[in-house]
Amino acid sequence: MQKWGLFLIILISGLFLGGCSLSNKKSAIEINSYPVAKVFIDGKEMGLTPYRNRSLSPGEIEVRLEANGKNWTKKIKLQNNISTVVDWEFGETNETSGGYVLYLEKTGDKKNAGLMVNTIPNKSTVTVDNEVKGLSPIRIVNIGEGDRHLALSFPGHKTLDVFMKSLREYQLVVDAILVEDKVEVTPEEIKQENPDLVSAPVTVKVKIKETETGWLRVRESSSSAAKEIAKVNPGATYSMLEESRDWFKIDLGGGQSGWISTTYGEKSE
């Protein structure tokens, strides 16, 4: 098996709900790791990864993984008739080890399929289907039912990608630890690879275009349904912090930032 590179990609297919062949009061867990690890549940050795058990009782268990003299331990609360997915990559140190725990949590909201994300480090960028939703920790009421691509990123860390399936009346809960990226590139190496780059950092500005209303809404996240947090005027210029499909994140000053539609913003350096 080759070690994962910049991305950890797992297709979540083991989620199940009441109505399947399992009787009531049963839970499941699916554990994957790199490299292959011994699996211990509540101190009892259960086998090697990849490991799957569909006959556990709901409640809190302690999962421990051991590989190459290293170990990882976490207490996990199993939900009734829900499969919990664990994915872990062992690095040389704790800082270069990481992964996630994913499970469904019933909300009773029949119209929405939710998502809750917690990460280490905090304030990681949360992107769903290539749309930036905000910074962790974050709870999104509705991401739509069906197959979804979650990407978690933080400067100096490897991006963590999770492919998952969301369901109405439930929220997906993801607890993740991002792996530090130890690859360092010197300015000289950057110049050699990109000789046209200048050494000084470039600050990208966004100028607000004319609007039909004479002002432009600034939103909390990159969605037209997101909460309005400010208004800006045409002709004003702001530093750009991030860019996603159809949205600019701008610095409003005073420690405040927000998102505007690219339709009404013009980039300049």
# chains A, B, ... in the order shown; residues from 1 in each chain; ligands from 1

$ residues_around --residues "Asn32 (chain A)" --least-positions-apart "5" --cutoff "6 Å" --atoms "only C-alpha atoms" --output "ChimeraX atom specification"
/A:49-50,87

$ residues_around --residues "Gly265 (chain A)" --least-positions-apart "2" --cutoff "6 Å" --atoms "only C-alpha atoms" --output "list of chain:residue names"
A:Val206, A:Lys207, A:Ile208, A:Lys209, A:Thr262, A:Thr263

$ residues_around --residues "region 142-158 of chain A" --least-positions-apart "6" --cutoff "7 Å" --atoms "only C-alpha atoms" --output "MDAnalysis selection string"
chainID A and resid 6:7 112:115 124:129 164:168 178:181

$ write_last_selection --atoms "C-alpha atoms" --output "compact mmCIF listing (two decimals), in the first residue's frame"
# COMPACT_ATOMS: atom_id res chain seq x y z
CA LEU A 6 -1.63 15.49 0.04
CA PHE A 7 -5.13 14.10 0.43
CA ASN A 112 -32.79 19.36 6.19
CA ALA A 113 -29.57 17.34 6.15
CA GLY A 114 -27.09 19.01 8.47
CA LEU A 115 -23.35 19.02 9.08
CA SER A 124 -9.76 25.40 9.55
CA THR A 125 -11.52 26.30 6.30
CA VAL A 126 -14.58 24.11 5.69
CA THR A 127 -15.55 23.55 2.06
CA VAL A 128 -18.54 21.51 0.88
CA ASP A 129 -18.75 20.63 -2.83
CA MET A 164 -19.82 11.23 2.50
CA LYS A 165 -23.59 10.86 2.19
CA SER A 166 -25.97 13.24 3.95
CA LEU A 167 -29.54 12.36 4.95
CA ARG A 168 -32.55 14.41 5.97
CA LEU A 178 -5.28 17.74 10.20
CA VAL A 179 -1.76 16.49 9.56
CA GLU A 180 1.07 19.01 9.54
CA ASP A 181 2.81 19.28 6.19

$ residues_around --residues "Gly91 (chain A)" --least-positions-apart "5" --cutoff "10 Å" --atoms "only C-alpha atoms" --output "PDB file with C-alpha atoms, in the first residue's frame"
ATOM      1  CA  TYR A  34      -2.351   3.669   7.405  1.00  0.00           C
ATOM      2  CA  PRO A  35      -0.299   1.639   7.998  1.00  0.00           C
ATOM      3  CA  LYS A  70       2.833   4.029  17.977  1.00  0.00           C
ATOM      4  CA  THR A  96       2.360  14.326  11.522  1.00  0.00           C
ATOM      5  CA  SER A  97      -0.469  11.964  12.513  1.00  0.00           C
ATOM      6  CA  GLY A  98      -4.119  12.711  11.913  1.00  0.00           C
ATOM      7  CA  VAL A 179      -1.757  16.485   9.558  1.00  0.00           C
ATOM      8  CA  GLU A 180       1.069  19.006   9.541  1.00  0.00           C
TER       9      GLU A 180
END

$ select_by_dssp --residues "region 74-251 of chain A" --states "helix (DSSP H, G or I)" --output "list in words"
Pro187, Glu188, Glu189, Ile190, Lys191, Gln192 and Glu193 of chain A

$ write_last_selection --atoms "C-alpha atoms" --output "mmCIF file, in the first residue's frame"
data_model
loop_
_atom_site.group_PDB
_atom_site.id
_atom_site.type_symbol
_atom_site.label_atom_id
_atom_site.label_comp_id
_atom_site.auth_asym_id
_atom_site.auth_seq_id
_atom_site.Cartn_x
_atom_site.Cartn_y
_atom_site.Cartn_z
ATOM 1 C CA PRO A 187 12.189 31.227 -1.525
ATOM 2 C CA GLU A 188 15.098 30.285 -3.804
ATOM 3 C CA GLU A 189 13.340 27.053 -4.816
ATOM 4 C CA ILE A 190 10.166 29.019 -5.554
ATOM 5 C CA LYS A 191 12.109 31.408 -7.790
ATOM 6 C CA GLN A 192 13.771 28.528 -9.638
ATOM 7 C CA GLU A 193 10.426 26.880 -10.300
#

$ closest_residue --among "A:Leu65, A:Leu135, A:Val173, A:Ala37" --to "Lys77 (chain A)" --atoms "only C-alpha atoms"
A:Val173

$ select_by_dssp --residues "region 35-245 of chain A" --states "strand (DSSP E)" --output "number ranges by chain"
A: 38-41, 44-48, 51-56, 59-67, 70-78, 83-89, 98-106, 114-120, 125-128, 131-135, 138-140, 146-153, 160-166, 170-177, 205-208, 216-219, 228-232, 237-244

$ closest_residue --among "A:Leu160, A:Met240, A:Ala176, A:Ser257" --to "Pro121 (chain A)" --atoms "only C-alpha atoms"
A:Ala176

$ atom_distance --atom1 "CA of Lys38 (chain A)" --atom2 "CA of Thr159 (chain A)"
25.9 Å

$ atom_distance --atom1 "CA of Ser244 (chain A)" --atom2 "CA of Lys267 (chain A)"
13.1 Å

$ closest_residue --among "A:Lys25, A:Arg54, A:Glu95, A:Val141" --to "Asp109 (chain A)" --atoms "only C-alpha atoms"
A:Val141

$ closest_residue --among "A:Glu92, A:Asn130, A:Glu62, A:Leu102" --to "Arg245 (chain A)" --atoms "only C-alpha atoms"
A:Asn130

$ closest_residue --among "A:Lys44, A:Gly99, A:Asn53, A:Ile29" --to "Gln79 (chain A)" --atoms "only C-alpha atoms"
A:Ile29
